[in-house]
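> Next up is a structure, given as structure tokens.
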Amino acid sequence: MAYDFDLFVIGAGSGGVRAARFAAGFGAKVAVAESRYLGGTCVNVGCVPKKLLVYGAHVADELEQAAGFGWTLEEGHFDWGTLIANKNREIERLNGIYRNLLVNSGVTLLQGHARLTGANEVEVEGQRYTAEHILIATGGWPQVPDIPGKELAITSNEAFYLKDLPRRVLVVGGGYIAVEFAGIFQGLGVATTLLYRGDLFLRGFDGSVRTHLKEELEKRGLDLQFNADIQRIDKLEDGSLKATLKDGRELVTDCVFYATGRRPMLDNLGLENTGVELDARGYIRVDQQYQTTAPSILAIGDVIGRVQLTPVALAEGMAVARRLFKPEQYRPVDYQNIPTAVFSQPPIGTVGLTEEQALEAGHKVQVFESRFRAMKLTLTDIQEKTLMKLVVDAETDKVLGCHMVGPDAGEIIQGLGVALKAGATKQQFDETIGVHPTAAEEFVTMRTATR
């Protein structure tokens, strides 16, 4: 049968665009359908604008530290509207870049909602197209628990477009999005409370990292409330919001921000017209080659619920394009030792196993840990401390995990990701000469195991 396209991609986010571009580069006839914005969550309401807001919030730290270096500054004034306008302009620029990447690669770009009408057929704005392969890359969407007053809350989608910066914010959640936005709001001068139903945020991260960040956030004055959850939200006469907690307490705020998880974006996708099945968590079920239970349909990225990170979606998109259209270059995605950053304040960088994971896997573990006040802070009154930690297999000397909380953690951990990927040992870390004076050199100068 002759098809309109060799590959039809639903969703122009990071993974979908990567798969489309490279498939077209390999000679395939490719179409991409997108109903919202080019670049997906990351570019529009995710990592890119979030990082810009993190930079903006961090300026307050720089101003506070300036006096120690001899600078006398007049009292600064922050304008939320200017930051958001500048952010919007940058996102529009990136949207244009994504458009050019697709069009210049020879990809047919269809702007509209795509719906599956069969195993090899897609409908966009009333027009039907056939394809030998269909790739679902529709990403995820934030969700708010079904409680009374849920319509009064916002999510990360709306936070990037708030007209005014609220005076008080209640952030609900314990994942990296909640922690990052709590830091953004607080850094911009908002009275911020972080509410989480568990004992401690960032479940799945190394225990030392979680505890250290908690201590540093408390030093900064962030109101952390654990083992707490909202029962209902009500709007008061003055326009403020009252959050009634399950323990009976009432918190009054100007904004309730939910970061309690994301769901796969499957709305009106037409999966019922295909043999595509979902797993127990509601994500699209795929095999190791991203094949769904319908042989002609594949899926990648957040919609399959594996590792929900932009670089992972990019790698998955590349793997699909190579396997289908350049098999001699195909290699599977390696999900081990993926470097990760949390742009909290201070930020987290981590790669490899946590101490808890290493022990659970049966390793005999040596832990090297260091806490110190960064050199930049020695001329100031700021008492923030940096944490660096290595988790080492005591029998093989292989470094299993590297973890950091402190300035530039994400930048530093990237290089260590290469080292772990190469199977570096603690001896090789020790024999590497450090760059002095830097914080990063601490990773190659920790000689004595702390436990």
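Residue numbers start at 1 in each chain; chains themselves are named A, B, ... in the order of the structure tokens; ligands are numbered from 1 in the order shown.
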Can you pull out every residue from segment 294-360 of chain A that DSSP, working from the backbone, puts in helix (DSSP H, G or I), and format the result as a PyMOL selection string?
chain A and resi 301-304+310-325+327-329+355-360
> Report as a Markdown table: every residue of segment 228-327 of chain A with an atom at most 12 Å from segment 11-23 of chain A, its closest pair of atoms, and their distance in Å to one decimal, counting only C-alpha atoms, with rows sorted by chain and ascending residue number.

| residue | atom | partner | partner_atom | distance |
| --- | --- | --- | --- | --- |
| A:Met265 | CA | A:Gly11 | CA | 10.1 |
| A:Leu266 | CA | A:Gly11 | CA | 11.1 |
| A:Leu269 | CA | A:Gly11 | CA | 11.0 |
| A:Leu298 | CA | A:Gly16 | CA | 11.1 |
| A:Ala299 | CA | A:Gly16 | CA | 9.4 |
| A:Ile300 | CA | A:Gly15 | CA | 6.9 |
| A:Gly301 | CA | A:Gly15 | CA | 6.2 |
| A:Asp302 | CA | A:Gly15 | CA | 9.2 |
| A:Val303 | CA | A:Gly11 | CA | 10.6 |
| A:Ile304 | CA | A:Gly15 | CA | 11.8 |
| A:Gln308 | CA | A:Gly15 | CA | 11.0 |
| A:Leu309 | CA | A:Ser14 | CA | 9.8 |
| A:Thr310 | CA | A:Ser14 | CA | 6.4 |
| A:Pro311 | CA | A:Ser14 | CA | 8.1 |
| A:Val312 | CA | A:Gly15 | CA | 8.1 |
| A:Ala313 | CA | A:Gly15 | CA | 4.5 |
| A:Leu314 | CA | A:Gly15 | CA | 4.6 |
| A:Ala315 | CA | A:Gly15 | CA | 7.5 |
| A:Glu316 | CA | A:Gly15 | CA | 6.7 |
| A:Gly317 | CA | A:Ala19 | CA | 4.2 |
| A:Met318 | CA | A:Ala19 | CA | 5.4 |
| A:Ala319 | CA | A:Ala19 | CA | 7.9 |
| A:Val320 | CA | A:Ala19 | CA | 6.6 |
| A:Ala321 | CA | A:Ala23 | CA | 4.9 |
| A:Arg322 | CA | A:Ala23 | CA | 7.2 |
| A:Arg323 | CA | A:Ala23 | CA | 9.6 |
| A:Leu324 | CA | A:Ala23 | CA | 8.0 |
| A:Phe325 | CA | A:Ala23 | CA | 6.4 |
| A:Lys326 | CA | A:Ala23 | CA | 8.3 |
| A:Pro327 | CA | A:Ala23 | CA | 11.3 |
> Give me, as a PyMOL selection string, the residues of segment 22-211 of chain A that a backbone DSSP run labels strand (DSSP E or B).
chain A and resi 30-34+39+108-111+114-118+121-124+127-136+140-142+154+168-172+191-195
> For the selection you just gave me, I'd like the residues written to a file as a short mmCIF file (atom, residue, chain, number, x, y, z; two decimals), in the first residue's frame, keeping N, CA and C atoms.

data_model
loop_
_atom_site.label_atom_id
_atom_site.label_comp_id
_atom_site.auth_asym_id
_atom_site.auth_seq_id
_atom_site.Cartn_x
_atom_site.Cartn_y
_atom_site.Cartn_z
N VAL A 30 8.11 12.76 6.02
CA VAL A 30 7.67 12.92 7.41
C VAL A 30 6.70 14.08 7.56
N ALA A 31 5.70 13.91 8.42
CA ALA A 31 4.79 14.99 8.81
C ALA A 31 4.75 15.07 10.34
N VAL A 32 4.56 16.29 10.83
CA VAL A 32 4.39 16.52 12.26
C VAL A 32 3.13 17.34 12.46
N ALA A 33 2.29 16.92 13.40
CA ALA A 33 1.09 17.68 13.75
C ALA A 33 1.23 18.20 15.17
N GLU A 34 0.91 19.47 15.37
CA GLU A 34 0.99 20.09 16.70
C GLU A 34 -0.17 21.07 16.86
N GLY A 39 7.97 23.00 20.24
CA GLY A 39 8.95 22.87 21.31
C GLY A 39 8.42 22.17 22.53
N THR A 108 6.81 18.10 6.74
CA THR A 108 5.53 18.78 6.56
C THR A 108 4.95 19.10 7.92
N LEU A 109 4.75 20.38 8.22
CA LEU A 109 4.24 20.80 9.53
C LEU A 109 2.76 21.10 9.43
N LEU A 110 1.97 20.40 10.20
CA LEU A 110 0.52 20.58 10.23
C LEU A 110 0.11 21.14 11.59
N GLN A 111 -0.45 22.32 11.60
CA GLN A 111 -0.85 22.93 12.86
C GLN A 111 -2.32 22.67 13.12
N ALA A 114 -4.30 16.42 16.11
CA ALA A 114 -4.25 15.15 15.38
C ALA A 114 -4.97 14.07 16.18
N ARG A 115 -5.77 13.28 15.46
CA ARG A 115 -6.52 12.19 16.10
C ARG A 115 -6.37 10.93 15.26
N LEU A 116 -6.05 9.85 15.95
CA LEU A 116 -5.89 8.57 15.26
C LEU A 116 -7.25 8.04 14.85
N THR A 117 -7.37 7.68 13.58
CA THR A 117 -8.62 7.09 13.08
C THR A 117 -8.41 5.65 12.64
N GLY A 118 -7.20 5.17 12.81
CA GLY A 118 -6.87 3.79 12.47
C GLY A 118 -5.41 3.54 12.76
N GLU A 121 -3.70 5.69 10.11
CA GLU A 121 -4.41 6.87 9.62
C GLU A 121 -4.60 7.90 10.73
N VAL A 122 -4.38 9.16 10.36
CA VAL A 122 -4.51 10.27 11.30
C VAL A 122 -5.37 11.35 10.66
N GLU A 123 -6.22 11.96 11.48
CA GLU A 123 -7.05 13.06 11.01
C GLU A 123 -6.62 14.36 11.68
N VAL A 124 -6.39 15.40 10.88
CA VAL A 124 -6.01 16.71 11.39
C VAL A 124 -6.93 17.75 10.77
N GLN A 127 -8.92 16.71 7.77
CA GLN A 127 -8.16 16.11 6.67
C GLN A 127 -7.49 14.81 7.15
N ARG A 128 -7.62 13.75 6.37
CA ARG A 128 -7.05 12.47 6.78
C ARG A 128 -5.75 12.18 6.02
N TYR A 129 -4.79 11.62 6.76
CA TYR A 129 -3.48 11.28 6.20
C TYR A 129 -3.16 9.84 6.59
N THR A 130 -2.47 9.14 5.69
CA THR A 130 -2.02 7.79 6.00
C THR A 130 -0.51 7.77 6.19
N ALA A 131 -0.06 6.85 7.00
CA ALA A 131 1.38 6.75 7.27
C ALA A 131 1.75 5.31 7.60
N GLU A 132 2.93 4.91 7.14
CA GLU A 132 3.39 3.55 7.46
C GLU A 132 3.68 3.42 8.95
N HIS A 133 4.26 4.47 9.52
CA HIS A 133 4.54 4.49 10.96
C HIS A 133 3.95 5.77 11.56
N ILE A 134 3.37 5.65 12.75
CA ILE A 134 2.85 6.80 13.48
C ILE A 134 3.56 6.85 14.83
N LEU A 135 4.07 8.02 15.17
CA LEU A 135 4.78 8.19 16.44
C LEU A 135 4.00 9.15 17.34
N ILE A 136 3.61 8.67 18.51
CA ILE A 136 2.91 9.51 19.49
C ILE A 136 3.94 10.12 20.43
N GLY A 140 3.13 15.31 28.50
CA GLY A 140 2.32 15.22 29.71
C GLY A 140 1.62 16.54 29.99
N TRP A 141 0.80 16.52 31.03
CA TRP A 141 0.00 17.69 31.40
C TRP A 141 -0.15 17.70 32.93
N PRO A 142 0.01 18.86 33.57
CA PRO A 142 -0.12 18.89 35.03
C PRO A 142 -1.55 18.58 35.47
N ILE A 154 -3.64 27.07 40.52
CA ILE A 154 -2.91 27.12 39.26
C ILE A 154 -1.89 25.99 39.23
N ARG A 168 1.76 36.32 48.46
CA ARG A 168 1.85 35.07 49.21
C ARG A 168 1.52 33.91 48.27
N VAL A 169 2.30 32.85 48.36
CA VAL A 169 2.07 31.67 47.53
C VAL A 169 2.16 30.41 48.39
N LEU A 170 1.23 29.51 48.15
CA LEU A 170 1.25 28.19 48.78
C LEU A 170 1.53 27.18 47.67
N VAL A 171 2.73 26.59 47.69
CA VAL A 171 3.12 25.60 46.69
C VAL A 171 2.84 24.22 47.26
N VAL A 172 2.10 23.39 46.52
CA VAL A 172 1.72 22.06 46.99
C VAL A 172 2.43 21.00 46.16
N ALA A 191 6.20 35.70 49.97
CA ALA A 191 6.09 34.89 51.19
C ALA A 191 5.62 33.50 50.76
N THR A 192 6.49 32.51 50.84
CA THR A 192 6.24 31.21 50.22
C THR A 192 6.18 30.09 51.24
N THR A 193 5.16 29.26 51.11
CA THR A 193 5.02 28.04 51.90
C THR A 193 5.02 26.85 50.97
N LEU A 194 5.81 25.83 51.30
CA LEU A 194 5.82 24.58 50.54
C LEU A 194 5.14 23.52 51.38
N LEU A 195 4.07 22.97 50.85
CA LEU A 195 3.25 21.99 51.57
C LEU A 195 3.40 20.64 50.89
#
> Distance atom CA of Thr41 of chain A-atom CA of Ala57 of chain A, one decimal place?
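Distance reported for this atom pair: 21.2 Å.
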> Quick one, how far is atom CA of Gln366 of chain A from atom CA of Gly352 of chain A?
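A separation of 14.5 Å between them.
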> Which one is closest to Ala137 of chain A: A:Asp254, A:Gly40, A:Arg262, A:Thr354? Count only C-alpha atoms.
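Closest candidate: A:Gly40.
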> For segment 88-92 of chain A, work out the shell of residues within 9 Å, counting only C-alpha atoms and skipping chain neighbours fewer than 2 positions away, then give it as a count of residues only.
14
> Neighbours of Tyr55 of chain A within 10 Å (only C-alpha atoms; same-chain residues fewer than 5 positions away dropped), as a ChimeraX atom specification?
/A:49-50,60,184,187,343
> Hey, can you spit out that residue selection with all heavy atoms as a compact mmCIF listing (two decimals), in the first residue's frame?

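Writing the result to selection_38.txt gives the following:
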# COMPACT_ATOMS: atom_id res chain seq x y z
N PRO A 49 11.68 28.26 30.26
CA PRO A 49 11.23 29.44 31.00
C PRO A 49 11.47 29.33 32.50
O PRO A 49 11.74 30.34 33.17
CB PRO A 49 9.73 29.51 30.69
CG PRO A 49 9.36 28.13 30.25
CD PRO A 49 10.58 27.59 29.56
N LYS A 50 11.41 28.11 33.02
CA LYS A 50 11.68 27.92 34.46
C LYS A 50 13.10 28.34 34.79
O LYS A 50 13.35 29.02 35.79
CB LYS A 50 11.45 26.46 34.83
CG LYS A 50 11.83 26.12 36.27
CD LYS A 50 11.89 24.60 36.44
CE LYS A 50 13.03 24.00 35.64
NZ LYS A 50 13.03 22.52 35.68
N ALA A 60 18.74 38.13 43.51
CA ALA A 60 18.65 38.60 44.89
C ALA A 60 19.84 38.13 45.72
O ALA A 60 20.36 38.86 46.56
CB ALA A 60 17.34 38.12 45.52
N ILE A 184 11.84 29.86 43.32
CA ILE A 184 11.64 31.01 42.44
C ILE A 184 10.82 32.07 43.13
O ILE A 184 11.21 33.25 43.21
CB ILE A 184 10.96 30.57 41.12
CG1 ILE A 184 11.93 29.77 40.25
CG2 ILE A 184 10.43 31.79 40.35
CD1 ILE A 184 11.28 29.08 39.07
N GLY A 187 12.66 33.62 46.08
CA GLY A 187 13.76 34.46 45.64
C GLY A 187 13.30 35.79 45.08
O GLY A 187 14.05 36.77 45.10
N PHE A 343 16.78 22.63 39.82
CA PHE A 343 17.19 24.03 39.92
C PHE A 343 16.50 24.71 41.09
O PHE A 343 15.82 25.72 40.96
CB PHE A 343 16.97 24.74 38.59
CG PHE A 343 17.83 24.17 37.50
CD1 PHE A 343 17.29 23.36 36.52
CD2 PHE A 343 19.19 24.41 37.50
CE1 PHE A 343 18.09 22.80 35.53
CE2 PHE A 343 20.01 23.86 36.52
CZ PHE A 343 19.46 23.05 35.54
> Mind checking which residues fall within 10 Å of Asp199 of chain A, counting only C-alpha atoms, ignoring those fewer than 6 positions away in the same chain, and posting them as a list in words?
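Answer for this query is Gly174, Gln225, Phe226, Asn227 and Ala228 of chain A.
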> Find the distance between atom CA of Gly56 of chain A and atom CA of Phe205 of chain A and write it in Å to one decimal.
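Here the two named atoms are 25.9 Å from each other.
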> For a quick check of understanding, using only C-alpha atoms, which of A:Cys402, A:Phe201, A:Gln186, A:Leu7 has the smallest distance to Glu215 of chain A?
A:Phe201
> Pick out the residues sitting within 10 Å of Pro145 of chain A, and hand them over as a list in words; count only C-alpha atoms, and ignore anything fewer than 6 positions along from it in its own chain.
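That gives Ile230, Gln231, Tyr258, Thr260 and Gly261 of chain A.
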> Please, could you write that set of residues out with C-alpha atoms as an mmCIF file, in the first residue's frame?

data_model
loop_
_atom_site.group_PDB
_atom_site.id
_atom_site.type_symbol
_atom_site.label_atom_id
_atom_site.label_comp_id
_atom_site.auth_asym_id
_atom_site.auth_seq_id
_atom_site.Cartn_x
_atom_site.Cartn_y
_atom_site.Cartn_z
ATOM 1 C CA ILE A 230 -5.213 20.381 51.381
ATOM 2 C CA GLN A 231 -8.832 19.293 51.813
ATOM 3 C CA TYR A 258 -0.173 22.675 42.540
ATOM 4 C CA THR A 260 1.547 17.164 42.437
ATOM 5 C CA GLY A 261 2.209 15.207 39.279
#
> Give me, as a PyMOL selection string, all polymer residues having an atom no more than 12 Å from Gly362 of chain A, counting only C-alpha atoms and skipping those fewer than 5 positions away in the same chain.
chain A and resi 353+355-357+393-395
> Hey, can you spit out that residue selection with all heavy atoms as a PDB file, in the first residue's frame?

ATOM      1  N   LEU A 353      23.674   5.980  41.286  1.00  0.00           N
ATOM      2  CA  LEU A 353      22.873   5.440  42.378  1.00  0.00           C
ATOM      3  C   LEU A 353      22.924   6.320  43.617  1.00  0.00           C
ATOM      4  O   LEU A 353      23.956   6.904  43.937  1.00  0.00           O
ATOM      5  CB  LEU A 353      23.357   4.036  42.753  1.00  0.00           C
ATOM      6  CG  LEU A 353      23.299   2.945  41.677  1.00  0.00           C
ATOM      7  CD1 LEU A 353      23.787   1.626  42.255  1.00  0.00           C
ATOM      8  CD2 LEU A 353      21.893   2.800  41.107  1.00  0.00           C
ATOM      9  N   GLU A 355      22.743   6.426  47.801  1.00  0.00           N
ATOM     10  CA  GLU A 355      23.252   5.496  48.811  1.00  0.00           C
ATOM     11  C   GLU A 355      22.223   4.404  49.090  1.00  0.00           C
ATOM     12  O   GLU A 355      22.566   3.210  49.200  1.00  0.00           O
ATOM     13  CB  GLU A 355      23.574   6.261  50.100  1.00  0.00           C
ATOM     14  CG  GLU A 355      24.131   5.385  51.214  1.00  0.00           C
ATOM     15  CD  GLU A 355      24.460   6.174  52.469  1.00  0.00           C
ATOM     16  OE1 GLU A 355      24.421   7.423  52.433  1.00  0.00           O
ATOM     17  OE2 GLU A 355      24.759   5.536  53.505  1.00  0.00           O
ATOM     18  N   GLU A 356      20.964   4.796  49.168  1.00  0.00           N
ATOM     19  CA  GLU A 356      19.903   3.844  49.468  1.00  0.00           C
ATOM     20  C   GLU A 356      19.750   2.818  48.344  1.00  0.00           C
ATOM     21  O   GLU A 356      19.589   1.610  48.601  1.00  0.00           O
ATOM     22  CB  GLU A 356      18.582   4.595  49.682  1.00  0.00           C
ATOM     23  CG  GLU A 356      18.546   5.518  50.903  1.00  0.00           C
ATOM     24  CD  GLU A 356      19.261   6.854  50.694  1.00  0.00           C
ATOM     25  OE1 GLU A 356      19.637   7.167  49.529  1.00  0.00           O
ATOM     26  OE2 GLU A 356      19.446   7.584  51.677  1.00  0.00           O
ATOM     27  N   GLN A 357      19.815   3.273  47.100  1.00  0.00           N
ATOM     28  CA  GLN A 357      19.692   2.358  45.961  1.00  0.00           C
ATOM     29  C   GLN A 357      20.867   1.386  45.907  1.00  0.00           C
ATOM     30  O   GLN A 357      20.686   0.202  45.590  1.00  0.00           O
ATOM     31  CB  GLN A 357      19.615   3.151  44.659  1.00  0.00           C
ATOM     32  CG  GLN A 357      18.312   3.907  44.466  1.00  0.00           C
ATOM     33  CD  GLN A 357      18.384   4.891  43.307  1.00  0.00           C
ATOM     34  OE1 GLN A 357      19.471   5.317  42.893  1.00  0.00           O
ATOM     35  NE2 GLN A 357      17.231   5.277  42.783  1.00  0.00           N
ATOM     36  N   ASP A 393      31.408   1.481  45.406  1.00  0.00           N
ATOM     37  CA  ASP A 393      31.376   0.043  45.693  1.00  0.00           C
ATOM     38  C   ASP A 393      32.692  -0.330  46.373  1.00  0.00           C
ATOM     39  O   ASP A 393      33.776  -0.210  45.771  1.00  0.00           O
ATOM     40  CB  ASP A 393      31.203  -0.745  44.394  1.00  0.00           C
ATOM     41  CG  ASP A 393      31.008  -2.235  44.643  1.00  0.00           C
ATOM     42  OD1 ASP A 393      31.850  -2.837  45.341  1.00  0.00           O
ATOM     43  OD2 ASP A 393      30.017  -2.794  44.124  1.00  0.00           O
ATOM     44  N   ALA A 394      32.621  -0.765  47.616  1.00  0.00           N
ATOM     45  CA  ALA A 394      33.829  -1.025  48.407  1.00  0.00           C
ATOM     46  C   ALA A 394      34.642  -2.193  47.857  1.00  0.00           C
ATOM     47  O   ALA A 394      35.851  -2.282  48.111  1.00  0.00           O
ATOM     48  CB  ALA A 394      33.444  -1.307  49.862  1.00  0.00           C
ATOM     49  N   GLU A 395      34.022  -3.083  47.114  1.00  0.00           N
ATOM     50  CA  GLU A 395      34.734  -4.259  46.604  1.00  0.00           C
ATOM     51  C   GLU A 395      35.397  -4.005  45.257  1.00  0.00           C
ATOM     52  O   GLU A 395      36.502  -4.477  45.001  1.00  0.00           O
ATOM     53  CB  GLU A 395      33.764  -5.442  46.518  1.00  0.00           C
ATOM     54  CG  GLU A 395      33.251  -5.880  47.894  1.00  0.00           C
ATOM     55  CD  GLU A 395      32.228  -6.998  47.807  1.00  0.00           C
ATOM     56  OE1 GLU A 395      31.671  -7.206  46.700  1.00  0.00           O
ATOM     57  OE2 GLU A 395      31.973  -7.649  48.843  1.00  0.00           O
TER      58      GLU A 395
END
> Could you build a table of the residues in segment 287-351 of chain A lying no more than 12 Å from segment 51-54 of chain A, giving for each the nearest pair of atoms and their separation in Å rounded to one decimal place, using only C-alpha atoms, ordered by chain and ascending residue number, as a tab-separated table?

residue	atom	partner	partner_atom	distance
A:Ala341	CA	A:Lys51	CA	11.2
A:Val342	CA	A:Lys51	CA	10.2
A:Phe343	CA	A:Val54	CA	7.1
A:Ser344	CA	A:Val54	CA	8.0
A:Gln345	CA	A:Val54	CA	8.3
A:Pro346	CA	A:Val54	CA	10.5
A:Pro347	CA	A:Val54	CA	10.0
> Could you please take those selected residues and save N, CA, C and O atoms as an mmCIF file, in the first residue's frame?

data_model
loop_
_atom_site.group_PDB
_atom_site.id
_atom_site.type_symbol
_atom_site.label_atom_id
_atom_site.label_comp_id
_atom_site.auth_asym_id
_atom_site.auth_seq_id
_atom_site.Cartn_x
_atom_site.Cartn_y
_atom_site.Cartn_z
ATOM 1 N N ALA A 341 19.504 17.445 37.187
ATOM 2 C CA ALA A 341 19.632 18.639 38.026
ATOM 3 C C ALA A 341 18.258 19.066 38.510
ATOM 4 O O ALA A 341 17.257 18.908 37.806
ATOM 5 N N VAL A 342 18.224 19.584 39.720
ATOM 6 C CA VAL A 342 17.036 20.252 40.252
ATOM 7 C C VAL A 342 17.451 21.694 40.491
ATOM 8 O O VAL A 342 18.370 21.954 41.272
ATOM 9 N N PHE A 343 16.784 22.634 39.817
ATOM 10 C CA PHE A 343 17.190 24.031 39.922
ATOM 11 C C PHE A 343 16.495 24.713 41.090
ATOM 12 O O PHE A 343 15.821 25.723 40.961
ATOM 13 N N SER A 344 16.706 24.080 42.246
ATOM 14 C CA SER A 344 16.288 24.662 43.516
ATOM 15 C C SER A 344 17.311 25.728 43.870
ATOM 16 O O SER A 344 18.258 25.968 43.126
ATOM 17 N N GLN A 345 17.142 26.359 45.021
ATOM 18 C CA GLN A 345 18.123 27.362 45.450
ATOM 19 C C GLN A 345 18.534 27.062 46.897
ATOM 20 O O GLN A 345 17.779 27.400 47.793
ATOM 21 N N PRO A 346 19.673 26.406 47.082
ATOM 22 C CA PRO A 346 20.708 26.030 46.123
ATOM 23 C C PRO A 346 20.307 24.820 45.266
ATOM 24 O O PRO A 346 19.481 24.013 45.682
ATOM 25 N N PRO A 347 20.937 24.695 44.076
ATOM 26 C CA PRO A 347 20.562 23.628 43.148
ATOM 27 C C PRO A 347 21.168 22.278 43.503
ATOM 28 O O PRO A 347 22.136 22.181 44.270
#
> Determine the nearest neighbour of Ser370 of chain A from the options A:Ile413, A:Leu236, A:Val333, A:Val209, counting only C-alpha atoms.
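Between A:Ile413, A:Leu236, A:Val333, A:Val209, the residue approaching Ser370 of chain A most closely is A:Val209.
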> With distances taken over only C-alpha atoms, which residue among A:Leu224, A:Leu271, A:Leu241, A:Leu165 lies nearest Ala153 of chain A?
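Closest to Ala153 of chain A of all the choices is A:Leu241.
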> Between A:Thr244, A:Thr292, A:Ser105, A:Asn100, which one has atoms that come closest to Gly25 of chain A, using only C-alpha atoms?
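Among A:Thr244, A:Thr292, A:Ser105, A:Asn100, it is A:Ser105 that comes nearest to Gly25 of chain A.
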